[in-house]
file target.txt (compact mmCIF, C-alpha atoms and all ligand atoms)
# COMPACT_ATOMS: atom_id res chain seq x y z
CA MET A 1 -11.26 259.67 114.79
CA SER A 2 -10.68 259.86 111.05
CA TYR A 3 -9.74 262.28 108.27
CA LYS A 4 -10.43 262.47 104.53
CA ALA A 5 -7.74 262.10 101.86
CA GLU A 6 -8.71 263.27 98.38
CA TYR A 7 -6.64 261.08 96.00
CA ILE A 8 -5.94 263.01 92.78
CA TRP A 9 -4.44 261.46 89.64
CA ILE A 10 -3.84 262.17 85.96
CA ASP A 11 -5.88 259.90 83.69
CA GLY A 12 -5.27 258.40 80.25
CA THR A 13 -7.58 260.60 78.16
CA GLN A 14 -6.08 261.31 74.72
CA PRO A 15 -4.79 263.62 73.39
CA THR A 16 -4.91 265.60 76.65
CA ALA A 17 -5.08 263.90 80.04
CA LYS A 18 -7.70 264.91 82.59
CA LEU A 19 -7.63 265.02 86.38
CA ARG A 20 -9.62 262.56 88.46
CA SER A 21 -10.08 262.23 92.20
CA LYS A 22 -11.84 260.17 94.86
CA THR A 23 -11.93 260.13 98.62
CA LYS A 24 -10.42 257.73 101.15
CA VAL A 25 -11.39 257.97 104.82
CA LEU A 26 -8.38 257.15 106.99
CA PRO A 27 -7.89 256.69 110.74
CA ASP A 28 -6.03 259.59 112.38
CA GLY A 29 -2.28 258.99 112.43
CA VAL A 30 -2.30 256.72 109.37
CA GLU A 31 -0.42 258.07 106.32
CA PRO A 32 -2.21 257.88 102.93
CA PRO A 33 -1.34 254.38 101.63
CA VAL A 34 -1.05 253.02 98.11
CA TRP A 35 -4.59 252.65 96.71
CA GLY A 36 -6.33 251.56 93.49
CA PHE A 37 -9.01 252.46 90.96
CA ASP A 38 -10.91 251.13 87.97
CA GLY A 39 -8.70 251.99 85.02
CA SER A 40 -11.33 250.93 82.48
CA SER A 41 -13.28 254.10 83.30
CA THR A 42 -10.31 256.46 82.81
CA ASN A 43 -8.75 255.17 79.55
CA GLN A 44 -6.03 253.47 81.59
CA ALA A 45 -7.01 249.79 81.33
CA HIS A 46 -9.25 247.30 79.57
CA GLY A 47 -12.28 245.83 81.33
CA ALA A 48 -10.86 242.34 81.71
CA SER A 49 -7.93 243.46 83.84
CA SER A 50 -8.86 246.93 84.95
CA ASP A 51 -7.06 247.53 88.25
CA CYS A 52 -4.60 250.43 88.38
CA VAL A 53 -2.52 251.52 91.37
CA LEU A 54 -2.31 254.99 92.97
CA LYS A 55 1.02 255.79 94.58
CA PRO A 56 1.05 259.00 96.66
CA VAL A 57 3.82 261.42 95.63
CA PHE A 58 2.71 264.79 97.09
CA VAL A 59 0.46 265.51 100.08
CA CYS A 60 -0.83 268.93 101.20
CA PRO A 61 -3.63 270.37 103.37
CA ASP A 62 -7.07 270.26 101.72
CA PRO A 63 -8.36 273.87 101.69
CA ILE A 64 -11.80 272.77 100.43
CA ARG A 65 -12.60 270.49 103.36
CA GLY A 66 -10.29 272.19 105.83
CA GLY A 67 -9.38 270.66 109.18
CA ASP A 68 -6.90 267.79 109.09
CA ASN A 69 -8.10 266.67 105.65
CA VAL A 70 -5.53 266.39 102.84
CA LEU A 71 -5.08 266.38 99.08
CA VAL A 72 -2.93 263.51 97.81
CA LEU A 73 -1.41 263.70 94.31
CA ASN A 74 -0.56 260.28 92.89
CA GLU A 75 1.46 258.52 90.24
CA VAL A 76 -0.38 255.75 88.39
CA LEU A 77 1.20 252.28 88.40
CA LEU A 78 0.24 248.92 86.91
CA PRO A 79 -0.78 246.14 89.32
CA ASP A 80 2.79 244.75 89.22
CA MET A 81 3.92 248.17 90.56
CA THR A 82 5.72 249.18 87.35
CA PRO A 83 4.83 252.63 85.93
CA HIS A 84 1.64 252.92 83.86
CA PRO A 85 2.26 254.12 80.26
CA SER A 86 0.33 257.33 81.09
CA ASN A 87 2.76 258.10 83.94
CA THR A 88 4.99 260.94 82.69
CA ARG A 89 6.27 261.87 86.16
CA VAL A 90 8.38 258.73 86.25
CA LEU A 91 10.25 259.96 83.14
CA LEU A 92 11.04 263.33 84.73
CA THR A 93 12.45 261.88 87.96
CA PRO A 94 15.75 260.49 86.58
CA VAL A 95 16.38 263.59 84.43
CA ALA A 96 15.78 265.90 87.40
CA GLU A 97 18.13 263.77 89.50
CA ARG A 98 20.86 263.67 86.86
CA PHE A 99 20.99 267.47 86.59
CA ALA A 100 20.09 268.42 90.18
CA GLY A 101 23.64 269.74 90.65
CA GLN A 102 22.86 272.58 88.22
CA GLU A 103 19.93 273.60 90.47
CA PRO A 104 17.30 274.05 87.71
CA ILE A 105 14.18 275.96 88.77
CA PHE A 106 10.94 276.83 86.99
CA GLY A 107 8.13 279.38 87.28
CA ILE A 108 5.12 278.40 85.15
CA GLU A 109 2.42 280.93 84.11
CA GLN A 110 -0.80 278.94 83.84
CA GLU A 111 -3.41 280.65 81.67
CA TYR A 112 -6.99 279.36 81.59
CA THR A 113 -10.51 280.37 80.60
CA PHE A 114 -13.75 280.25 82.55
CA PHE A 115 -16.87 278.99 80.78
CA ALA A 116 -20.49 279.44 81.81
CA GLY A 117 -22.25 276.76 79.78
CA ALA A 118 -20.94 276.86 76.21
CA ARG A 119 -19.60 280.44 76.29
CA PRO A 120 -16.58 282.03 77.93
CA LEU A 121 -17.57 283.91 81.08
CA GLY A 122 -18.29 287.52 80.04
CA PHE A 123 -19.25 286.68 76.46
CA PRO A 124 -22.83 287.89 75.85
CA GLU A 125 -25.50 285.39 74.82
CA GLY A 126 -25.31 284.90 71.06
CA GLY A 127 -22.63 287.53 70.40
CA PHE A 128 -19.17 288.81 71.17
CA PRO A 129 -17.89 291.32 73.73
CA ALA A 130 -15.90 294.44 72.78
CA PRO A 131 -12.60 293.46 71.09
CA GLN A 132 -9.46 292.75 73.13
CA GLY A 133 -7.67 295.75 74.58
CA GLY A 134 -9.01 296.65 78.02
CA TYR A 135 -9.31 293.26 79.67
CA TYR A 136 -5.66 292.44 80.48
CA CYS A 137 -5.07 293.36 84.15
CA GLY A 138 -8.36 295.27 83.93
CA VAL A 139 -10.67 296.50 86.64
CA GLY A 140 -14.44 297.02 86.68
CA ALA A 141 -17.52 294.98 85.91
CA ASP A 142 -17.34 295.75 82.18
CA GLU A 143 -13.87 294.17 81.94
CA ILE A 144 -13.59 291.56 84.68
CA PHE A 145 -15.50 288.27 84.81
CA GLY A 146 -15.00 285.71 87.58
CA ARG A 147 -12.75 287.60 90.00
CA GLU A 148 -14.56 286.13 93.02
CA ILE A 149 -13.58 282.65 91.77
CA VAL A 150 -9.99 283.68 91.05
CA GLU A 151 -9.58 285.17 94.54
CA LYS A 152 -11.02 282.04 96.14
CA HIS A 153 -8.72 279.83 94.06
CA LEU A 154 -5.68 281.88 95.12
CA ASP A 155 -6.68 281.61 98.79
CA ASN A 156 -7.22 277.87 98.41
CA CYS A 157 -3.79 277.39 96.78
CA LEU A 158 -2.07 279.39 99.52
CA ALA A 159 -3.95 277.47 102.24
CA ALA A 160 -2.74 274.26 100.60
CA GLY A 161 0.83 275.55 100.91
CA LEU A 162 1.40 275.86 97.16
CA SER A 163 4.02 278.34 95.93
CA ILE A 164 1.79 280.64 93.88
CA SER A 165 3.72 283.79 92.94
CA GLY A 166 0.85 285.84 91.46
CA ILE A 167 -2.37 286.12 89.46
CA ASN A 168 -3.64 288.41 86.69
CA ALA A 169 -6.59 288.91 84.36
CA GLU A 170 -5.69 288.04 80.76
CA VAL A 171 -6.23 289.54 77.32
CA MET A 172 -9.59 287.85 76.55
CA PRO A 173 -12.63 288.30 78.82
CA GLY A 174 -13.00 285.36 81.22
CA GLN A 175 -9.32 284.48 80.74
CA TRP A 176 -6.95 284.50 83.72
CA GLU A 177 -3.48 283.42 84.82
CA PHE A 178 -1.76 282.19 87.95
CA GLN A 179 1.95 281.54 88.36
CA VAL A 180 3.57 278.65 90.26
CA GLY A 181 7.20 278.75 91.33
CA PRO A 182 10.05 279.19 91.09
CA LEU A 183 10.58 275.60 92.21
CA SER A 184 12.51 272.47 91.20
CA PRO A 185 11.18 270.49 88.19
CA LEU A 186 9.26 267.89 90.23
CA GLU A 187 7.95 270.43 92.75
CA VAL A 188 6.66 272.89 90.15
CA SER A 189 4.98 270.10 88.19
CA ASP A 190 3.33 268.44 91.19
CA GLN A 191 2.14 271.80 92.49
CA LEU A 192 0.81 272.90 89.08
CA TRP A 193 -1.29 269.72 88.79
CA VAL A 194 -2.72 270.27 92.29
CA ALA A 195 -3.36 273.97 91.53
CA ARG A 196 -5.24 272.92 88.37
CA TRP A 197 -7.38 270.50 90.39
CA LEU A 198 -8.11 273.28 92.90
CA LEU A 199 -9.06 275.58 90.02
CA TYR A 200 -11.69 273.16 88.70
CA ARG A 201 -12.90 272.34 92.21
CA THR A 202 -13.15 275.99 93.29
CA ALA A 203 -14.98 277.07 90.12
CA GLU A 204 -17.38 274.11 90.53
CA GLU A 205 -18.79 275.79 93.65
CA PHE A 206 -19.71 278.81 91.48
CA GLY A 207 -21.33 276.70 88.74
CA VAL A 208 -18.52 277.70 86.38
CA SER A 209 -16.07 275.45 84.51
CA ALA A 210 -12.43 276.24 83.77
CA THR A 211 -10.65 275.00 80.66
CA LEU A 212 -7.01 274.78 79.61
CA ASP A 213 -8.04 274.74 75.93
CA PRO A 214 -5.16 276.50 74.12
CA LYS A 215 -7.52 278.28 71.70
CA PRO A 216 -10.91 278.48 73.43
CA VAL A 217 -12.32 281.01 70.95
CA ARG A 218 -11.28 280.92 67.29
CA GLY A 219 -10.53 284.16 65.48
CA ASP A 220 -9.05 287.35 66.85
CA TRP A 221 -8.85 286.27 70.47
CA ASN A 222 -5.68 285.33 72.37
CA GLY A 223 -5.01 281.67 73.04
CA ALA A 224 -4.05 280.26 76.44
CA GLY A 225 -0.45 279.30 77.16
CA ALA A 226 1.80 278.17 79.96
CA HIS A 227 4.90 280.35 79.59
CA THR A 228 7.68 278.43 81.29
CA ASN A 229 10.39 280.46 83.02
CA PHE A 230 13.62 278.60 83.59
CA SER A 231 17.06 279.06 85.10
CA THR A 232 20.00 277.11 86.43
CA LYS A 233 22.49 278.34 89.01
CA ALA A 234 24.90 279.29 86.20
CA MET A 235 22.15 281.23 84.38
CA ARG A 236 21.31 283.07 87.58
CA GLU A 237 24.97 284.11 87.81
CA GLY A 238 25.92 285.00 84.23
CA TYR A 239 24.80 285.84 80.69
CA GLU A 240 26.75 283.31 78.60
CA PRO A 241 24.78 280.36 80.04
CA ILE A 242 21.54 282.23 79.19
CA ILE A 243 22.59 282.34 75.52
CA THR A 244 23.77 278.72 75.63
CA ALA A 245 20.31 277.66 76.87
CA CYS A 246 18.52 279.71 74.18
CA GLU A 247 20.71 278.21 71.44
CA ALA A 248 20.27 274.67 72.79
CA LEU A 249 16.46 275.04 72.72
CA GLY A 250 16.76 276.01 69.03
CA GLU A 251 18.62 272.78 68.23
CA LYS A 252 15.68 270.70 69.45
CA ALA A 253 12.83 273.05 68.61
CA GLN A 254 10.49 270.56 66.96
CA GLU A 255 10.94 267.89 69.65
CA HIS A 256 9.99 270.53 72.23
CA VAL A 257 6.97 271.84 70.31
CA ARG A 258 5.65 268.27 69.97
CA GLY A 259 5.82 267.86 73.76
CA TYR A 260 4.31 271.24 74.64
CA GLY A 261 0.60 270.34 74.46
CA ASP A 262 -2.01 269.13 71.98
CA ASP A 263 -3.23 271.48 69.24
CA ILE A 264 -0.25 273.80 69.63
CA GLU A 265 -0.44 274.77 65.94
CA SER A 266 -3.75 276.55 66.48
CA ARG A 267 -2.19 278.76 69.17
CA LEU A 268 1.39 279.33 67.92
CA THR A 269 0.35 281.05 64.69
CA GLY A 270 2.69 284.05 64.77
CA LEU A 271 -0.23 286.28 65.79
CA HIS A 272 -1.52 287.20 69.27
CA GLU A 273 1.91 287.50 70.93
CA THR A 274 3.18 284.14 69.67
CA ALA A 275 5.93 282.92 67.37
CA PRO A 276 4.93 280.38 64.69
CA TRP A 277 5.30 276.80 65.92
CA SER A 278 7.41 275.88 62.87
CA GLU A 279 10.11 278.54 63.42
CA TYR A 280 12.39 278.99 66.42
CA SER A 281 13.58 282.39 67.61
CA TYR A 282 14.80 284.07 70.78
CA GLY A 283 15.19 287.69 71.69
CA VAL A 284 15.38 290.31 74.42
CA SER A 285 11.96 291.64 75.52
CA ASP A 286 10.44 290.04 72.40
CA ARG A 287 6.92 288.72 73.03
CA GLY A 288 6.82 287.59 69.40
CA ALA A 289 9.76 285.21 69.94
CA SER A 290 9.64 281.53 70.93
CA VAL A 291 11.91 282.26 73.88
CA ARG A 292 12.15 285.67 75.56
CA ILE A 293 15.09 287.01 77.53
CA PRO A 294 13.44 289.46 79.93
CA TRP A 295 14.67 293.06 79.62
CA GLN A 296 15.96 293.11 83.20
CA VAL A 297 17.97 289.93 82.56
CA GLU A 298 19.78 291.62 79.67
CA VAL A 299 20.50 294.64 81.90
CA ASP A 300 21.71 292.52 84.84
CA LYS A 301 23.53 290.10 82.53
CA LYS A 302 22.07 287.18 84.52
CA GLY A 303 18.72 285.66 85.49
CA TYR A 304 16.36 283.39 83.54
CA ILE A 305 14.63 282.80 80.22
CA GLU A 306 10.95 282.46 79.31
CA ASP A 307 9.93 279.67 76.93
CA ARG A 308 6.66 281.14 75.58
CA ARG A 309 5.65 278.07 73.56
CA PRO A 310 4.04 275.59 76.02
CA ASN A 311 0.27 275.42 75.73
CA ALA A 312 -2.07 275.93 78.68
CA ASN A 313 -2.96 272.23 78.30
CA CYS A 314 0.67 271.03 78.48
CA ASP A 315 1.91 268.35 80.86
CA PRO A 316 4.48 270.08 83.12
CA TYR A 317 6.23 266.74 83.75
CA VAL A 318 6.98 266.63 79.99
CA VAL A 319 7.78 270.34 79.53
CA THR A 320 10.23 270.55 82.44
CA ARG A 321 11.87 267.26 81.43
CA LEU A 322 12.48 268.47 77.87
CA ILE A 323 13.87 271.83 79.04
CA VAL A 324 16.15 270.35 81.72
CA ASP A 325 17.34 267.62 79.38
CA THR A 326 18.13 270.03 76.53
CA CYS A 327 19.51 273.02 78.45
CA CYS A 328 21.36 271.27 81.26
CA ALA A 329 23.05 268.85 78.84
CA ALA A 330 24.28 271.84 76.79
CA LEU A 331 25.38 273.74 79.90
CA GLU A 332 27.32 270.72 81.15
CA LYS A 333 29.68 270.90 78.13
P1 LIG A 401 5.37 287.71 82.58
O1 LIG A 401 6.06 289.04 82.68
O2 LIG A 401 5.90 286.91 81.43
O3 LIG A 401 3.88 287.80 82.61
P2 LIG A 401 5.10 286.48 85.24
O4 LIG A 401 5.37 287.50 86.29
O5 LIG A 401 3.69 286.13 84.97
O6 LIG A 401 5.88 286.93 83.90
O7 LIG A 401 5.84 285.11 85.60
C1 LIG A 401 7.20 285.02 85.78
C2 LIG A 401 7.53 283.73 86.50
O8 LIG A 401 8.93 283.53 86.46
C3 LIG A 401 7.11 283.69 87.96
O9 LIG A 401 6.49 282.45 88.24
C4 LIG A 401 8.45 283.77 88.69
O10 LIG A 401 8.41 283.10 89.92
C5 LIG A 401 9.36 283.06 87.72
N1 LIG A 401 10.78 283.34 87.91
C6 LIG A 401 11.35 284.47 88.41
N2 LIG A 401 12.69 284.34 88.48
C7 LIG A 401 12.99 283.10 88.00
C8 LIG A 401 14.20 282.37 87.82
N3 LIG A 401 15.41 282.90 88.11
N4 LIG A 401 14.11 281.12 87.32
C9 LIG A 401 12.93 280.59 86.99
N5 LIG A 401 11.75 281.24 87.15
C10 LIG A 401 11.76 282.47 87.65
MN MN A 402 -16.77 250.70 92.31
MN MN A 403 2.48 286.31 83.19
MN MN A 404 -0.09 285.61 80.40
MN MN A 405 4.90 285.40 80.28
call {"tool": "encode", "arguments": {"input": "target.txt", "output": "structure tokens"}}
result
Amino acid sequence: MSYKAEYIWIDGTQPTAKLRSKTKVLPDGVEPPVWGFDGSSTNQAHGASSDCVLKPVFVCPDPIRGGDNVLVLNEVLLPDMTPHPSNTRVLLTPVAERFAGQEPIFGIEQEYTFFAGARPLGFPEGGFPAPQGGYYCGVGADEIFGREIVEKHLDNCLAAGLSISGINAEVMPGQWEFQVGPLSPLEVSDQLWVARWLLYRTAEEFGVSATLDPKPVRGDWNGAGAHTNFSTKAMREGYEPIITACEALGEKAQEHVRGYGDDIESRLTGLHETAPWSEYSYGVSDRGASVRIPWQVEVDKKGYIEDRRPNANCDPYVVTRLIVDTCCAALEK
């Protein structure tokens, strides 16, 4: 007998990579092996020498096909088995290992927007819905668009064994959020990529697309982010390390913003619950700051911080690497 392995990988599309997948039928009892694909069709190779290699890094049950079928997330390698230039996971691995002793963990809030054709789900044909105000965590058919898809996606993620910690409707109609974590840097990133694939795949069944576009509608509509919550063991035990991490992020603010997703300037304007991309700030309870110290963390004098800057379209391998590198190096001193 056989089972199906859906091989998922991150392609070379610029400026924002896309997910791709294809199916391998495997005999029962055989683990998903290294495989290959045509990199000339994914912006990862030229036609003359187009082979790229898929190396499995994370395997979980496939909730779409069910049974013994699996999803297989991969790293992309060159034919000589060295990392492909588009492979950002390979850059996170040594940083995560170097600072593993500090026990860094992340919870990422993935915002996204459903589209039906060219318009966000819930936007009337040729016009705009009522202004923002009632949609966030709303209820009722006048405020909520796509809940059946969101519920199915949550069930699929849980059936896959992913650590989803919650979901909510967002500020713009058709806009939603799910949270992954808290988990280690590699775990949260692998699981977020698989959860994104499941989002597209689940919505496909409903004839709806999902986008991570950071500013899907111009004008007075909220953008889509990926607030990144972060702590180390020391931060979970005391307040001074929380401040040290906030200050360290300020020292490298522009390097971080550059790695937090394409077109970040159109989202981090200083309006719509954001801080301007060009200025760094942190504060307690402050949703207009770059980095927020949650109210409860200030009360408890321990916990975690929320970096509010990453875009919905960010690469979590890059975001978690930058944060671990910056904060853990400062905390080591
Ligand atoms: P918000 O109030 O900003 O909407 P959410 O509830 O959407 O926050 O997301 C908070 C995220 O922070 C969750 O994914 C949660 O698992 C994560 N989190 C909680 N505690 C920690 C911690 N100590 N370190 C890192 N992440 C954490
Ligand atoms: Mn072919
Ligand atoms: Mn949230
Ligand atoms: Mn949100
Ligand atoms: Mn948040």
call {"tool": "closest_atom_pairs", "arguments": {"input": "target.txt", "of": "chain A", "to": "ligand MN 405 (chain A)", "cutoff": "8 Å", "atoms": "only C-alpha atoms and all ligand atoms", "output": "Markdown table"}}
result
| residue | atom | partner | partner_atom | distance |
| --- | --- | --- | --- | --- |
| A:Glu109 | CA | A:MN405 | MN | 6.4 |
| A:Ala226 | CA | A:MN405 | MN | 7.9 |
| A:His227 | CA | A:MN405 | MN | 5.1 |
| A:Thr228 | CA | A:MN405 | MN | 7.6 |
| A:Asn229 | CA | A:MN405 | MN | 7.9 |
| A:Glu306 | CA | A:MN405 | MN | 6.8 |
| A:Arg308 | CA | A:MN405 | MN | 6.6 |
call {"tool": "residues_near_ligand", "arguments": {"input": "target.txt", "ligand": "ligand MN 403 (chain A)", "cutoff": "12 Å", "atoms": "all atoms listed in the file", "output": "PyMOL selection string"}}
result
chain A and resi 107-112+136-137+165-171+176-180+224-229+287+294+306-308
call {"tool": "write_last_selection", "arguments": {"input": "target.txt", "atoms": "C-alpha atoms", "output": "mmCIF file, in the coordinates of the input"}}
result
data_model
loop_
_atom_site.group_PDB
_atom_site.id
_atom_site.type_symbol
_atom_site.label_atom_id
_atom_site.label_comp_id
_atom_site.auth_asym_id
_atom_site.auth_seq_id
_atom_site.Cartn_x
_atom_site.Cartn_y
_atom_site.Cartn_z
ATOM 1 C CA GLY A 107 8.130 279.380 87.280
ATOM 2 C CA ILE A 108 5.120 278.400 85.150
ATOM 3 C CA GLU A 109 2.420 280.930 84.110
ATOM 4 C CA GLN A 110 -0.800 278.940 83.840
ATOM 5 C CA GLU A 111 -3.410 280.650 81.670
ATOM 6 C CA TYR A 112 -6.990 279.360 81.590
ATOM 7 C CA TYR A 136 -5.660 292.440 80.480
ATOM 8 C CA CYS A 137 -5.070 293.360 84.150
ATOM 9 C CA SER A 165 3.720 283.790 92.940
ATOM 10 C CA GLY A 166 0.850 285.840 91.460
ATOM 11 C CA ILE A 167 -2.370 286.120 89.460
ATOM 12 C CA ASN A 168 -3.640 288.410 86.690
ATOM 13 C CA ALA A 169 -6.590 288.910 84.360
ATOM 14 C CA GLU A 170 -5.690 288.040 80.760
ATOM 15 C CA VAL A 171 -6.230 289.540 77.320
ATOM 16 C CA TRP A 176 -6.950 284.500 83.720
ATOM 17 C CA GLU A 177 -3.480 283.420 84.820
ATOM 18 C CA PHE A 178 -1.760 282.190 87.950
ATOM 19 C CA GLN A 179 1.950 281.540 88.360
ATOM 20 C CA VAL A 180 3.570 278.650 90.260
ATOM 21 C CA ALA A 224 -4.050 280.260 76.440
ATOM 22 C CA GLY A 225 -0.450 279.300 77.160
ATOM 23 C CA ALA A 226 1.800 278.170 79.960
ATOM 24 C CA HIS A 227 4.900 280.350 79.590
ATOM 25 C CA THR A 228 7.680 278.430 81.290
ATOM 26 C CA ASN A 229 10.390 280.460 83.020
ATOM 27 C CA ARG A 287 6.920 288.720 73.030
ATOM 28 C CA PRO A 294 13.440 289.460 79.930
ATOM 29 C CA GLU A 306 10.950 282.460 79.310
ATOM 30 C CA ASP A 307 9.930 279.670 76.930
ATOM 31 C CA ARG A 308 6.660 281.140 75.580
#
call {"tool": "atom_distance", "arguments": {"input": "target.txt", "atom1": "atom CA of A:Tyr317", "atom2": "atom CA of A:Ile243"}}
result
24.1 Å
call {"tool": "closest_residue", "arguments": {"input": "target.txt", "among": "A:Val299, A:Leu212, A:Pro185, A:Trp197", "to": "A:Val95", "atoms": "all atoms listed in the file"}}
result
A:Pro185
call {"tool": "closest_residue", "arguments": {"input": "target.txt", "among": "A:Lys24, A:Ala160, A:Asp80, A:Val139", "to": "A:Gly66", "atoms": "only C-alpha atoms"}}
result
A:Ala160
